[in-house]
Amino acid sequence: MFSEDGNSEVLEREPRFDDITCSLRSVSKLPRGVFPETRQVIADARRFNDEVVRPRALELDRMKHEDPDYLPWDLVEEANRRGFYSMFIPKLFGGHGMNMPALSYMLEEIGSGCSAISNLVGVHYLGIATLCGSWNTRLMNKIMRDVAAGEKSGKPCLVSLAITEPGAGTDTEELELISRAKVTCHAEKVPGGYRVNGRKIFISNGHLSTWHITIAYSDLDNPAETTVMMAIKTDMDGFSFGRQEHKMGQKGCPASELIFEDCFVPDELVCFDAEQAARYARPMAKITMQVLDYVLSASRAGVGAFGTGVARGAYEEALRFARETEVEGKLLINHEWAQCVLAEMYKNVALARLSYIETNYANGMYGLFKVLNYKPIFYFMKYLPQSLVDAFLEPLVDLDFVTWLFRKIYFDWQKDAEYERTSGWASLSKFSATDAGERNSELALELMGGAGVRTDQVAEKHLRDSKLLQIYEGTNQLNRLNLFKCMIGRSAPEAKVFED
Amino acid sequence: MKCGMDPELAMFEQTVLDFASKELLDSRQENDRFPFGPLFTDVLAKARAVGFFSVTMPEELDGSEMGTTELCLLLESLSRVDASLAGVVFTDTLAKEIVYRARGFLRLKELTGKVSELGGSLFAFPSQSDPADCVGITAEPAAEGSYVLSGKADYVVLGGIADSAVLPVRTGDGFSFFTVDLAGAGIGIGEPVQSLGLHACPAVDITLDGASGLLVGDEGQGAEHLRRVEGRMNAACAAMSLGVMKGSFEEAVAYAKERQQGGREIVNWSEVRRMLARMAVKMKAADMIVAELCRSAEGNEPGWEMGSRVAALFAGEASVELTRDGIQVLGGNGYMEDYGQEKRFRDAGQIRSLMGLAPIRELKLMESYLAGEPLY
Ligand SMILES: Cc1cc2nc3c(=O)[nH]c(=O)nc-3n(C[C@H](O)[C@H](O)[C@H](O)COP(=O)(O)OP(=O)(O)OC[C@H]3O[C@@H](n4cnc5c(N)ncnc54)[C@H](O)[C@@H]3O)c2cc1C
């Protein structure tokens, strides 16, 4: 009755079995230790919310409104004191080694109080993830240990990611587009390194970060094949900060202009370039996109978590209001229509959350976290004392061989279908959850009427904050197109993307 | 609104647009910084001088005697450039209309003799979910028509800069409107309330401690007084939403024709073009609705007030959706104060809340229909 004959063929049809069962297949492979860790992370985030985020969110928004150049160092120091900046850095690189997917839960929690403060934590991991995507283990070790040292010394060491340029935003997120982009950030090869000239804009946490993982191009007419990823430190000659943007929302998290004027970057700070890529199977342009996809698949789940957080924050404010406000002689919460609005908002939060969770399962199997989630490695790293890690394992990461090995695993052994799956899910989560965040903020205002537009009622801040999420980490249009490319277009050979 | 517009109205529209471009455009971002920057008092003075206050009041009350069409054109054109001044005109008009339609100015004149100054004065009005839900103030009768008011009025728009305010107060089973002199004894004006949009049309919370209030119209008849002005003010509100939509649409199209990504102007990516098209549909639909509404209002056609409620609801919702996409077309730049789009999105949300809780207004619309008021 139950025959396995022909199963593979029918299961390969769209929607493919492997695409729709990421969680199902992951669960048995996941180390059990992930559960108590995640529990701990959520509890820490909730305490941070109670003690810092909720009491400070409106004040921070107001201060930044009053003084657009204000930098929230005190909050960054507080997050640093609580270990948030190295919490998800593997122990091998000096961090606390919490499992990476738990970061998304943390971002949702903090985002429900204030997505700007959530960004102050989350965007740092965007920089870290990009560094990790290059799998330059020596440089990963150097920078992540700087972060860990910053935690010990009380001087936060944050990492930012700088890709966007004045003339190229969407274009820098997609291989097909970058070859047509008007990029201007030039990394000229000179003896011993690169000389960088140009500007990056909108860089989150720029002014607060010590390291900037920067993407530039050695041939501006051929950026797709000449991408150079570098680690640039704030105090390097030729590097300076430009203006801080004056944004509608997420005011607490600065968006900075970075300026490079004959900034010399030595070879040892080059995370990845065409020369390094030459040792691997895929052509440079493909590997560049693969690296970007590793990063974006993780970071878009994170933005999905921001979206979920703001959707939840808006829902919570609307619920509070409905419970305490009388409309037409009875509490708003007792109007049937309001109950349906609240149910809709609850649904938006729950589905948004499921989308980033599923994306993280995909990432755990095929993406950035796959090695760390492997049970023997997970437990080995968890229970090996840090002193032994530092004494015996750390020296290994400086070896070229280790970089080569990781790149072999991550670059050469990853199948196209695998990165399409993670990238597709990540885009789905990114635009679904951020649309949910914006939608819930609008619904909260609709439910609260005149009271909703007052800043002290918080919902309007969620609305202002939420809009950004539909723009960065690839606009929601770009993410829809990427989902099409990864999950739909692949089975429609006649489909061409970005050819319109 | 272009539909069926006569040349005189076209000229009027152009005059307002010229005023807005000259007085509002360049300082829009700076003016929007209030309360963290100065209030645009020079602009308010000019608006007063050209007769933007008391716009719908008759001449004997120093007004410009505008009908619904002119009022809508004025507010739409101002909002196309910067909706804050339109918010000021709207609030002043709403407050004065309530008093006027309740024949309150006659009583005001009897009691204070102040009516001759009306044209230049500015009136404040609280924007809240529903005046019927006002519970913060109590009124004790004192002399003829005069009451002693105590309590708190939330979110009184223009309360910090106006001469007088019109406040709803619960009396008996219903509520009544009172005018109060904001410079009078017993009035405490709070700090400007930070809010989503219309920053240069600021609101404050006001405390009343035995302040003197003059009853507007008849006691307990607040709902009826409000009903008399709702048609016109719904139209005004829809016109503001429409103006904001036009501004957002125009900036989005201009930007999309210039900005290049993927080797071409983004207007040539069909997804961007479709986003613009959806904006065009909402904007044009609102434009036609407001035009038709003005036409039916001027003719006092039966049912035009129902139409005005529909117009405000439709334009309010559409403007939030449209301006959200108006930001999106500009990408990261759309999120920045240097461009007009983020402000328009915030202003659209604020304007949408002006006439009260949208879902309740929807329910009331249905209630009226079910009670026999014609909808079409
Ligand atoms: C507050 C903030 C923080 C940010 N933080 C960072 C950061 O830390 N690091 C970083 O590198 N960048 C950052 N960004 C930049 C962000 O990633 C870009 O804004 C985003 O990629 C969009 O690019 P753009 O702003 O140039 O818009 P554009 O690319 O100019 O897009 C404009 C519009 O055109 C559409 N569009 C463009 N091309 C196409 C196409 N081919 N098909 C269909 N539609 C298209 C877009 O969807 C959008 O609607 C940040 C941006 C903001 C606003």
# chains A, B, ... in the order shown; residues from 1 in each chain; ligands from 1

call {"tool": "closest_atom_pairs", "arguments": {"of": "chain B", "to": "ligand 1", "cutoff": "9 Å", "atoms": "only C-alpha atoms and all ligand atoms", "output": "CSV"}}
result
residue,atom,partner,partner_atom_place_in_ligand_line,distance
B:Tyr255,CA,ligand 1,32 (C),8.9
B:Ala256,CA,ligand 1,34 (O),7.4
B:Arg259,CA,ligand 1,30 (O),6.3
B:Gln260,CA,ligand 1,30 (O),6.8
B:Gln261,CA,ligand 1,38 (N),4.9
B:Gly262,CA,ligand 1,41 (N),5.5
B:Gly263,CA,ligand 1,41 (N),8.8
B:Arg264,CA,ligand 1,41 (N),8.7
B:Glu265,CA,ligand 1,38 (N),8.7
B:Ile266,CA,ligand 1,34 (O),5.5
B:Val267,CA,ligand 1,34 (O),7.9
B:Asn268,CA,ligand 1,42 (N),8.7
B:Trp269,CA,ligand 1,42 (N),5.2
B:Ser270,CA,ligand 1,43 (C),7.0
B:Glu271,CA,ligand 1,43 (C),5.2
B:Val272,CA,ligand 1,44 (N),5.2
B:Arg273,CA,ligand 1,44 (N),8.7
B:Met275,CA,ligand 1,49 (O),8.5
B:Asp325,CA,ligand 1,49 (O),8.1
B:Gly326,CA,ligand 1,49 (O),8.9
B:Ile327,CA,ligand 1,49 (O),8.0
B:Gln328,CA,ligand 1,49 (O),4.6
B:Val329,CA,ligand 1,49 (O),3.9
B:Leu330,CA,ligand 1,32 (C),4.7
B:Gly331,CA,ligand 1,27 (O),3.7
B:Gly332,CA,ligand 1,25 (O),3.4
B:Asn333,CA,ligand 1,25 (O),5.7
B:Gly334,CA,ligand 1,25 (O),7.8
B:Tyr335,CA,ligand 1,53 (C),5.9
B:Met336,CA,ligand 1,53 (C),7.3

call {"tool": "closest_atom_pairs", "arguments": {"of": "chain A", "to": "chain B", "cutoff": "9 Å", "atoms": "only C-alpha atoms", "output": "Markdown table"}}
result
| residue | atom | partner | partner_atom | distance |
| --- | --- | --- | --- | --- |
| A:Arg62 | CA | B:Gln194 | CA | 8.7 |
| A:His65 | CA | B:Phe36 | CA | 7.4 |
| A:Glu66 | CA | B:Phe36 | CA | 5.4 |
| A:Asp67 | CA | B:Phe36 | CA | 8.5 |
| A:Gly167 | CA | B:Gln260 | CA | 7.6 |
| A:Ala168 | CA | B:Gln261 | CA | 6.7 |
| A:Gly169 | CA | B:Gln261 | CA | 7.8 |
| A:Thr170 | CA | B:Gln261 | CA | 6.9 |
| A:Asp171 | CA | B:Gly262 | CA | 5.9 |
| A:Glu176 | CA | B:Gly262 | CA | 8.2 |
| A:Leu177 | CA | B:Gly262 | CA | 5.0 |
| A:Ile178 | CA | B:Gly262 | CA | 7.2 |
| A:Ser179 | CA | B:Gly262 | CA | 8.1 |
| A:Arg180 | CA | B:Gly263 | CA | 5.1 |
| A:Ala181 | CA | B:Gly262 | CA | 5.7 |
| A:Lys182 | CA | B:Gly263 | CA | 7.8 |
| A:Phe202 | CA | B:Gly332 | CA | 7.7 |
| A:Glu245 | CA | B:Met336 | CA | 6.9 |
| A:His246 | CA | B:Glu337 | CA | 5.7 |
| A:Lys247 | CA | B:Met336 | CA | 4.6 |
| A:Met248 | CA | B:Tyr335 | CA | 5.8 |
| A:Gly249 | CA | B:Tyr335 | CA | 8.0 |
| A:Glu326 | CA | B:Asp133 | CA | 7.5 |
| A:Val327 | CA | B:Asp133 | CA | 6.6 |
| A:Glu328 | CA | B:Asp133 | CA | 6.8 |
| A:Gly329 | CA | B:Asp133 | CA | 7.8 |
| A:Trp337 | CA | B:Pro359 | CA | 8.3 |
| A:Ala338 | CA | B:Pro359 | CA | 8.7 |
| A:Glu442 | CA | B:Gly349 | CA | 8.4 |
| A:Leu445 | CA | B:Gly349 | CA | 8.0 |
| A:Glu446 | CA | B:Ala358 | CA | 6.4 |
| A:Leu447 | CA | B:Leu357 | CA | 6.9 |
| A:Met448 | CA | B:Leu357 | CA | 6.9 |
| A:Gly449 | CA | B:Leu357 | CA | 4.3 |
| A:Gly450 | CA | B:Gln128 | CA | 4.7 |
| A:Ala451 | CA | B:Gln128 | CA | 6.6 |
| A:Gly452 | CA | B:Ser353 | CA | 8.2 |
| A:Val453 | CA | B:Leu196 | CA | 5.1 |
| A:Arg454 | CA | B:Ser195 | CA | 4.4 |
| A:Thr455 | CA | B:Ser195 | CA | 4.8 |
| A:Asp456 | CA | B:Gln194 | CA | 7.5 |
| A:Glu460 | CA | B:Leu196 | CA | 5.8 |
| A:Lys461 | CA | B:Leu196 | CA | 7.6 |
| A:Leu463 | CA | B:Leu196 | CA | 8.9 |
| A:Arg464 | CA | B:Arg346 | CA | 7.9 |
| A:Lys467 | CA | B:Tyr335 | CA | 7.8 |
| A:Leu468 | CA | B:Tyr335 | CA | 6.8 |
| A:Gln470 | CA | B:Gln328 | CA | 7.8 |
| A:Ile471 | CA | B:Gly331 | CA | 5.9 |
| A:Tyr472 | CA | B:Gly332 | CA | 7.2 |
| A:Thr475 | CA | B:Gly331 | CA | 7.2 |
| A:Asn476 | CA | B:Gln328 | CA | 8.9 |
| A:Gln477 | CA | B:Glu271 | CA | 7.5 |
| A:Phe498 | CA | B:Gly262 | CA | 8.1 |
| A:Asp500 | CA | B:Trp269 | CA | 6.7 |

call {"tool": "atom_distance", "arguments": {"atom1": "atom CA of Leu396 of chain A", "atom2": "atom CA of Pro191 of chain A"}}
result
27.7 Å

call {"tool": "select_by_dssp", "arguments": {"residues": "segment 7-36 of chain A", "states": "alpha helix (DSSP H)", "output": "PyMOL selection string"}}
result
chain A and resi 7-12+17-20+22-27+34-36

call {"tool": "atom_distance", "arguments": {"atom1": "atom CA of Glu438 of chain A", "atom2": "atom CA of His124 of chain A"}}
result
23.3 Å

call {"tool": "closest_residue", "arguments": {"among": "A:Lys142, A:Ile259, A:Glu109, A:Phe264", "to": "Ala187 of chain A", "atoms": "only C-alpha atoms"}}
result
A:Phe264

call {"tool": "closest_atom_pairs", "arguments": {"of": "segment 117-176 of chain A", "to": "segment 403-408 of chain A", "cutoff": "12 Å", "atoms": "only C-alpha atoms", "output": "tab-separated table"}}
result
residue	atom	partner	partner_atom	distance
A:Cys132	CA	A:Phe406	CA	10.3
A:Gly133	CA	A:Arg407	CA	9.2
A:Ser134	CA	A:Arg407	CA	7.9
A:Trp135	CA	A:Arg407	CA	6.0
A:Asn136	CA	A:Thr403	CA	5.4
A:Thr137	CA	A:Thr403	CA	5.3
A:Arg138	CA	A:Thr403	CA	7.5
A:Leu139	CA	A:Thr403	CA	9.8
A:Met140	CA	A:Thr403	CA	9.9
A:Asn141	CA	A:Thr403	CA	11.1

call {"tool": "write_last_selection", "arguments": {"atoms": "N, CA and C atoms", "output": "PDB file, in the first residue's frame"}}
result
ATOM      1  N   CYS A 132      31.962  36.751   9.266  1.00  0.00           N
ATOM      2  CA  CYS A 132      31.943  35.283   9.297  1.00  0.00           C
ATOM      3  C   CYS A 132      31.668  34.706   7.910  1.00  0.00           C
ATOM      4  N   GLY A 133      30.847  35.415   7.130  1.00  0.00           N
ATOM      5  CA  GLY A 133      30.520  34.922   5.787  1.00  0.00           C
ATOM      6  C   GLY A 133      31.753  34.791   4.909  1.00  0.00           C
ATOM      7  N   SER A 134      32.791  35.572   5.232  1.00  0.00           N
ATOM      8  CA  SER A 134      34.026  35.482   4.432  1.00  0.00           C
ATOM      9  C   SER A 134      34.862  34.271   4.839  1.00  0.00           C
ATOM     10  N   TRP A 135      34.604  33.742   6.013  1.00  0.00           N
ATOM     11  CA  TRP A 135      35.345  32.617   6.587  1.00  0.00           C
ATOM     12  C   TRP A 135      36.856  32.831   6.596  1.00  0.00           C
ATOM     13  N   ASN A 136      37.251  34.073   6.781  1.00  0.00           N
ATOM     14  CA  ASN A 136      38.665  34.374   7.009  1.00  0.00           C
ATOM     15  C   ASN A 136      38.878  34.225   8.522  1.00  0.00           C
ATOM     16  N   THR A 137      39.256  33.019   8.943  1.00  0.00           N
ATOM     17  CA  THR A 137      39.195  32.706  10.381  1.00  0.00           C
ATOM     18  C   THR A 137      40.196  33.524  11.197  1.00  0.00           C
ATOM     19  N   ARG A 138      41.296  33.881  10.585  1.00  0.00           N
ATOM     20  CA  ARG A 138      42.293  34.680  11.312  1.00  0.00           C
ATOM     21  C   ARG A 138      41.718  36.062  11.654  1.00  0.00           C
ATOM     22  N   LEU A 139      41.108  36.664  10.647  1.00  0.00           N
ATOM     23  CA  LEU A 139      40.525  37.991  10.858  1.00  0.00           C
ATOM     24  C   LEU A 139      39.270  37.923  11.750  1.00  0.00           C
ATOM     25  N   MET A 140      38.519  36.846  11.578  1.00  0.00           N
ATOM     26  CA  MET A 140      37.350  36.651  12.450  1.00  0.00           C
ATOM     27  C   MET A 140      37.805  36.630  13.905  1.00  0.00           C
ATOM     28  N   ASN A 141      38.885  35.903  14.134  1.00  0.00           N
ATOM     29  CA  ASN A 141      39.387  35.767  15.493  1.00  0.00           C
ATOM     30  C   ASN A 141      39.852  37.120  16.042  1.00  0.00           C
TER      31      ASN A 141
END
